[in-house]
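K.L.:
There's a structure below that I have some questions on.
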Amino acid sequence: MKLNTNSILILFGVVAFVIMACFPVTLFAMPLLEPSRSNANNASATVQAIVTQTMAAVTQTAPTFTPVPATATPVPPTRTPVPTAVSYCDWAMFIRDVTIPDGTILSPGEVFTKTWRLQNRGTCQWTPDYMLVYTGGDPMGSTTAVRLPGYVGPGQTVDVSVTLTGPASAGSYTGYWMLRNPSGALFGVGSKANEAFYVVIRTKENLPYGTVTGKLSFPSEFIPAMRVVLFSLKDGKAYFVDTARGQGAYSINVPTGTYYVVSYPYEGTPGHTGQVDSYTLGGGPFAGGYTKMVPCGLTVGCEDHTLLSVAIAAGQTVAADPGDWYASVGTFPQMPNP
């Protein structure tokens with residue numbers, strides 16, 4: 001289709017009219033929309049500015065945190081209580097019996113001197129005005145107090161002695177003694193300086209005595225220490241003497257009477273003697289006896305392990321060798337051990 005000039009003009013006119021119709025709306029709408037967009041932008045900017053200022057303020061006013069290294073808290077050591085050393089002005093320590101060991105056998109009425117060795121364990125010096133005094137137990141004579149022999153400083157030792165008398169009747173007796181200072185206060189030994197030291201004796205019956213001696217043997221290359229015992233068939237008592245290793249003989253004084261003689265391996269104090277008031281026949285340990293095997297010669301043909309009795313008269317010395325070590329255990333009496 002051919003467009004003429006009039007048609008072109010009409011077309012342009014319509015287009016222009018449409019354009020003109022739309023332009024006023026755009027022109028008037030844009031000013032109305034711009035403030036809203038500007039306000040939104042301004043509000044956003046304002047919020048951002050406030051946040052920024054707040055963060056800055058917080059950053060400036062917040063305290064700076066400096067890490068502190070961990071420090072180990074020291075634990076105080078546990079203190080173990082140390083016992084306080086106890087001491088006393090007057091205090092004694094028993095060292096040993098110089099004479100008359102405990103259990104010494106004496107005759108009735110026998111006069112003897114008892115000596116103790118003591119140490120001054122206290123802090124005060126002892127003088128001759130200090131006394132050894134009887135405090136109890138069995139009286140042994142009329143002496144009840146004796147002065148110390150001299151001055152005794154702390155740590156020094158002294159021998160203190162008293163003369164006593166054995167009681168008239170047979171038996172066992174114990175006397176207790178302590179020290180006394182010039183003020184009259186008693187003191188002694190022990191952890192609190194209040195314990196007595198003592199003398200212990202035994203008085204025997206004043207009977208006539210005889211002596212038994214003999215050779216010692218043992219089924220080995222050496223002779224051990226032994227206890228040789230004489231069992232009285234008269235009064236049921238037993239008397240003994242201890243021997244040393246390698247000792248080949250013994251000797252003991254006993255009241256007159258009749259005895260069995262038996263030797264036992266035993267580590268005692270060589271030369272120590274004593275007695276017991278009773279014993280048990282049979283059931284004893286490995287031992288050597290004075291049996292019928294001994295006078296028979298201890299040969300193969302000798303098989304009788306019966307103990308032989310030995311009779312002791314006053315002033316008499318009798319030999320008895322307890323050499324039969326081949327009897328079964330339990331054949332001989334039990335060994336007394338006071």
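Letters for chains follow the order of the structure tokens (A, B, ...), residue numbers begin at 1 for each chain, and ligand numbers begin at 1 in the order shown.
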For Asp102 of chain A, work out the shell of residues within 7 Å, counting only C-alpha atoms and skipping chain neighbours fewer than 2 positions away, then give it as a compact mmCIF listing (two decimals) with N, CA, C and O atoms, in the first residue's frame.
P.N.:
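Listing of result.txt after writing:
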# COMPACT_ATOMS: atom_id res chain seq x y z
N ILE A 100 76.61 -59.22 141.39
CA ILE A 100 75.34 -59.90 141.70
C ILE A 100 74.33 -59.75 140.56
O ILE A 100 73.32 -59.03 140.66
N THR A 104 71.31 -64.43 141.01
CA THR A 104 72.47 -65.01 141.69
C THR A 104 72.01 -65.83 142.91
O THR A 104 71.17 -65.38 143.68
N VAL A 199 67.63 -55.37 142.65
CA VAL A 199 68.53 -56.49 142.88
C VAL A 199 67.66 -57.73 143.04
O VAL A 199 66.65 -57.70 143.75
N VAL A 200 68.03 -58.82 142.35
CA VAL A 200 67.27 -60.07 142.40
C VAL A 200 68.23 -61.20 142.79
O VAL A 200 69.24 -61.43 142.10
N ILE A 201 67.93 -61.88 143.87
CA ILE A 201 68.77 -63.00 144.32
C ILE A 201 67.90 -64.20 144.64
O ILE A 201 66.68 -64.09 144.77
K.L.:
Got a sec: who's within 10 Å of segment 293-297 of chain A, counting only C-alpha atoms, leaving out chain neighbours fewer than 5 positions off, as a list in words?
P.N.:
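So, after excluding close chain neighbours, the residues are Cys302, Glu303, Asp304, His305, Thr306, Leu307, Leu308, Ala320, Asp321, Pro322, Gly323, Asp324, Trp325, Tyr326 and Ala327 of chain A.
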K.L.:
Name the residues of segment 72-243 of chain A that fall into strand (DSSP E) according to DSSP on the backbone, using the chain letters and numbers of this document, as a VMD selection string.
P.N.:
chain A and resid 92 to 97 104 to 106 111 to 120 131 to 137 145 to 147 157 to 165 171 to 180 186 to 187 197 to 203 209 to 215 226 to 232 238 to 242
K.L.:
Leaving out Thr115 of chain A and any residue of its chain fewer than 3 positions from it, which residues lie within 6 Å of it when counting only C-alpha atoms, given as a list in words?
P.N.:
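Once the nearby chain positions are removed, what remains is Val98, Thr99, Val160 and Ser161 of chain A.
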K.L.:
Might you pull out every residue within 12 Å of Gly175 of chain A, with only C-alpha atoms counted and same-chain residues fewer than 6 positions away left off, and present them as a PyMOL selection string?
P.N.:
chain A and resi 102+114+133-141+143-144+162+164-167+196-202
K.L.:
May I have the residues from that selection written out with N, CA, C and O atoms, as an mmCIF file, in the first residue's frame?
P.N.:
data_model
loop_
_atom_site.group_PDB
_atom_site.id
_atom_site.type_symbol
_atom_site.label_atom_id
_atom_site.label_comp_id
_atom_site.auth_asym_id
_atom_site.auth_seq_id
_atom_site.Cartn_x
_atom_site.Cartn_y
_atom_site.Cartn_z
ATOM 1 N N ASP A 102 71.161 -60.592 138.149
ATOM 2 C CA ASP A 102 69.838 -61.075 138.546
ATOM 3 C C ASP A 102 69.822 -62.601 138.601
ATOM 4 O O ASP A 102 70.270 -63.283 137.675
ATOM 5 N N LYS A 114 76.016 -55.323 146.412
ATOM 6 C CA LYS A 114 75.378 -55.128 145.107
ATOM 7 C C LYS A 114 75.853 -53.803 144.526
ATOM 8 O O LYS A 114 75.803 -52.755 145.192
ATOM 9 N N VAL A 133 68.697 -45.017 147.719
ATOM 10 C CA VAL A 133 67.753 -45.347 148.789
ATOM 11 C C VAL A 133 66.883 -46.548 148.401
ATOM 12 O O VAL A 133 66.538 -46.746 147.233
ATOM 13 N N TYR A 134 66.556 -47.332 149.408
ATOM 14 C CA TYR A 134 65.663 -48.477 149.260
ATOM 15 C C TYR A 134 64.217 -47.974 149.199
ATOM 16 O O TYR A 134 63.798 -47.157 150.030
ATOM 17 N N THR A 135 63.444 -48.432 148.179
ATOM 18 C CA THR A 135 62.075 -47.926 148.013
ATOM 19 C C THR A 135 61.005 -49.007 148.116
ATOM 20 O O THR A 135 59.816 -48.687 148.163
ATOM 21 N N GLY A 136 61.372 -50.281 148.156
ATOM 22 C CA GLY A 136 60.344 -51.305 148.264
ATOM 23 C C GLY A 136 60.846 -52.679 147.876
ATOM 24 O O GLY A 136 62.013 -52.890 147.548
ATOM 25 N N GLY A 137 59.935 -53.633 147.921
ATOM 26 C CA GLY A 137 60.293 -55.011 147.615
ATOM 27 C C GLY A 137 60.708 -55.750 148.860
ATOM 28 O O GLY A 137 60.247 -55.452 149.966
ATOM 29 N N ASP A 138 61.604 -56.715 148.696
ATOM 30 C CA ASP A 138 62.066 -57.537 149.816
ATOM 31 C C ASP A 138 63.258 -56.861 150.502
ATOM 32 O O ASP A 138 64.273 -56.577 149.853
ATOM 33 N N PRO A 139 63.153 -56.592 151.811
ATOM 34 C CA PRO A 139 64.297 -56.011 152.521
ATOM 35 C C PRO A 139 65.424 -57.036 152.641
ATOM 36 O O PRO A 139 65.185 -58.226 152.857
ATOM 37 N N MET A 140 66.645 -56.575 152.461
ATOM 38 C CA MET A 140 67.811 -57.455 152.554
ATOM 39 C C MET A 140 68.822 -56.784 153.476
ATOM 40 O O MET A 140 69.753 -56.124 153.025
ATOM 41 N N GLY A 141 68.594 -56.914 154.757
ATOM 42 C CA GLY A 141 69.452 -56.275 155.733
ATOM 43 C C GLY A 141 68.860 -54.957 156.202
ATOM 44 O O GLY A 141 67.748 -54.568 155.817
ATOM 45 N N THR A 143 70.369 -51.849 155.852
ATOM 46 C CA THR A 143 70.801 -50.659 155.104
ATOM 47 C C THR A 143 69.698 -50.207 154.156
ATOM 48 O O THR A 143 69.204 -50.996 153.335
ATOM 49 N N THR A 144 69.327 -48.940 154.276
ATOM 50 C CA THR A 144 68.269 -48.410 153.409
ATOM 51 C C THR A 144 68.686 -47.172 152.632
ATOM 52 O O THR A 144 67.926 -46.697 151.783
ATOM 53 N N VAL A 162 75.805 -50.994 147.561
ATOM 54 C CA VAL A 162 75.195 -51.116 148.876
ATOM 55 C C VAL A 162 75.447 -52.529 149.382
ATOM 56 O O VAL A 162 75.410 -53.499 148.612
ATOM 57 N N LEU A 164 74.340 -55.708 151.428
ATOM 58 C CA LEU A 164 73.057 -56.314 151.786
ATOM 59 C C LEU A 164 73.276 -57.700 152.378
ATOM 60 O O LEU A 164 74.389 -58.257 152.317
ATOM 61 N N THR A 165 72.208 -58.265 152.897
ATOM 62 C CA THR A 165 72.258 -59.601 153.489
ATOM 63 C C THR A 165 71.116 -60.442 152.943
ATOM 64 O O THR A 165 69.957 -59.989 152.911
ATOM 65 N N GLY A 166 71.432 -61.650 152.506
ATOM 66 C CA GLY A 166 70.407 -62.537 151.988
ATOM 67 C C GLY A 166 69.435 -62.956 153.076
ATOM 68 O O GLY A 166 69.838 -63.184 154.218
ATOM 69 N N PRO A 167 68.141 -63.071 152.764
ATOM 70 C CA PRO A 167 67.156 -63.520 153.755
ATOM 71 C C PRO A 167 67.504 -64.897 154.318
ATOM 72 O O PRO A 167 68.220 -65.691 153.692
ATOM 73 N N ALA A 196 62.264 -47.639 139.328
ATOM 74 C CA ALA A 196 63.337 -48.113 140.191
ATOM 75 C C ALA A 196 64.209 -49.130 139.461
ATOM 76 O O ALA A 196 63.772 -49.785 138.512
ATOM 77 N N PHE A 197 65.458 -49.254 139.879
ATOM 78 C CA PHE A 197 66.306 -50.369 139.472
ATOM 79 C C PHE A 197 66.317 -51.347 140.646
ATOM 80 O O PHE A 197 65.833 -51.020 141.741
ATOM 81 N N TYR A 198 66.831 -52.556 140.453
ATOM 82 C CA TYR A 198 66.569 -53.573 141.471
ATOM 83 C C TYR A 198 67.711 -54.579 141.593
ATOM 84 O O TYR A 198 68.615 -54.651 140.740
ATOM 85 N N VAL A 199 67.634 -55.366 142.647
ATOM 86 C CA VAL A 199 68.525 -56.489 142.883
ATOM 87 C C VAL A 199 67.661 -57.732 143.043
ATOM 88 O O VAL A 199 66.648 -57.702 143.752
ATOM 89 N N VAL A 200 68.028 -58.815 142.352
ATOM 90 C CA VAL A 200 67.274 -60.072 142.401
ATOM 91 C C VAL A 200 68.233 -61.197 142.791
ATOM 92 O O VAL A 200 69.236 -61.433 142.101
ATOM 93 N N ILE A 201 67.926 -61.881 143.870
ATOM 94 C CA ILE A 201 68.765 -62.996 144.319
ATOM 95 C C ILE A 201 67.900 -64.200 144.638
ATOM 96 O O ILE A 201 66.675 -64.087 144.773
ATOM 97 N N ARG A 202 68.548 -65.342 144.731
ATOM 98 C CA ARG A 202 67.886 -66.553 145.203
ATOM 99 C C ARG A 202 68.749 -67.133 146.318
ATOM 100 O O ARG A 202 69.988 -67.211 146.194
#
K.L.:
I want to know what sits within 10 Å of Asp235 of chain A, based on only C-alpha atoms, with residues of the same chain fewer than 2 positions away left out; could you give that as an NGL selection string?
P.N.:
:A and (231-233 or 237-238 or 257-258 or 277-278)
K.L.:
For those residues, write C-alpha atoms to a file as a PDB file, in the first residue's frame.
P.N.:
ATOM      1  CA  PHE A 231      67.791 -84.154 137.302  1.00  0.00           C
ATOM      2  CA  SER A 232      67.312 -84.843 141.006  1.00  0.00           C
ATOM      3  CA  LEU A 233      65.457 -88.085 141.798  1.00  0.00           C
ATOM      4  CA  LYS A 237      64.451 -80.265 141.049  1.00  0.00           C
ATOM      5  CA  ALA A 238      66.964 -79.841 138.244  1.00  0.00           C
ATOM      6  CA  GLY A 257      71.305 -86.867 146.286  1.00  0.00           C
ATOM      7  CA  THR A 258      70.749 -89.052 143.232  1.00  0.00           C
ATOM      8  CA  ASP A 277      61.914 -76.545 140.907  1.00  0.00           C
ATOM      9  CA  SER A 278      60.364 -79.168 138.620  1.00  0.00           C
TER      10      SER A 278
END
K.L.:
Quick one: everything within 10 Å of Gly283 of chain A, counting only C-alpha atoms, minus sequence neighbours fewer than 6 positions away in the same chain. Send it as a PyMOL selection string.
P.N.:
chain A and resi 328-335
K.L.:
Kindly save the residues from that selection, with C-alpha atoms included, as an mmCIF file, in the first residue's frame.
P.N.:
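Writing done, so here's again_20.cif:
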data_model
loop_
_atom_site.group_PDB
_atom_site.id
_atom_site.type_symbol
_atom_site.label_atom_id
_atom_site.label_comp_id
_atom_site.auth_asym_id
_atom_site.auth_seq_id
_atom_site.Cartn_x
_atom_site.Cartn_y
_atom_site.Cartn_z
ATOM 1 C CA SER A 328 65.390 -91.608 119.976
ATOM 2 C CA VAL A 329 64.079 -88.067 120.386
ATOM 3 C CA GLY A 330 61.757 -87.992 123.388
ATOM 4 C CA THR A 331 63.719 -90.569 125.391
ATOM 5 C CA PHE A 332 65.246 -88.055 127.805
ATOM 6 C CA PRO A 333 63.601 -85.368 129.958
ATOM 7 C CA GLN A 334 62.763 -81.955 128.585
ATOM 8 C CA MET A 335 65.473 -79.357 129.005
#
K.L.:
For atom CA of Ala225 of chain A and atom CA of Ser172 of chain A, quote the distance in Å rounded to one decimal.
P.N.:
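Distance reported for this atom pair: 27.8 Å.
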K.L.:
Which residue out of A:Ala311, A:Ala287, A:Ala185, A:Val300 has the minimum interatomic distance to Ser263 of chain A when only C-alpha atoms are used?
P.N.:
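When distances to Ser263 of chain A are compared using only C-alpha atoms, the smallest one comes from A:Ala287.
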K.L.:
Need to verify the contact set: Ala244 of chain A, 8 Å, only C-alpha atoms, exclusion of same-chain residues closer than 5 positions in sequence. Can you return it as a list in words?
P.N.:
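Once the nearby chain positions are removed, what remains is Pro224, Ala225, Met226, Glu267, Gly268, Thr269 and Pro270 of chain A.
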K.L.:
Closest to Asp159 of chain A among A:Ala314, A:Lys292, A:Phe187, A:Leu118, using only C-alpha atoms?
P.N.:
A:Leu118
K.L.:
Pick the closest to Thr317 of chain A from A:Ser107, A:Asn253, A:Ser220, A:Thr273: which is it, counting only C-alpha atoms?
P.N.:
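The answer is A:Asn253, which sits nearest to Thr317 of chain A.
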K.L.:
Atom CA of Glu195 of chain A and atom CA of Val152 of chain A, how far apart in Å?
P.N.:
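Going from atom CA of Val152 of chain A over to atom CA of Glu195 of chain A covers 19.7 Å.
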K.L.:
Nearest residue to Ala92 of chain A out of A:Trp126, A:Phe222, A:Phe286, A:Tyr151, using only C-alpha atoms?
P.N.:
A:Trp126
K.L.:
Which is closer to Phe112 of chain A than all the others in A:Ser191, A:Arg180, A:Thr203, A:Pro149, using only C-alpha atoms?
P.N.:
A:Thr203
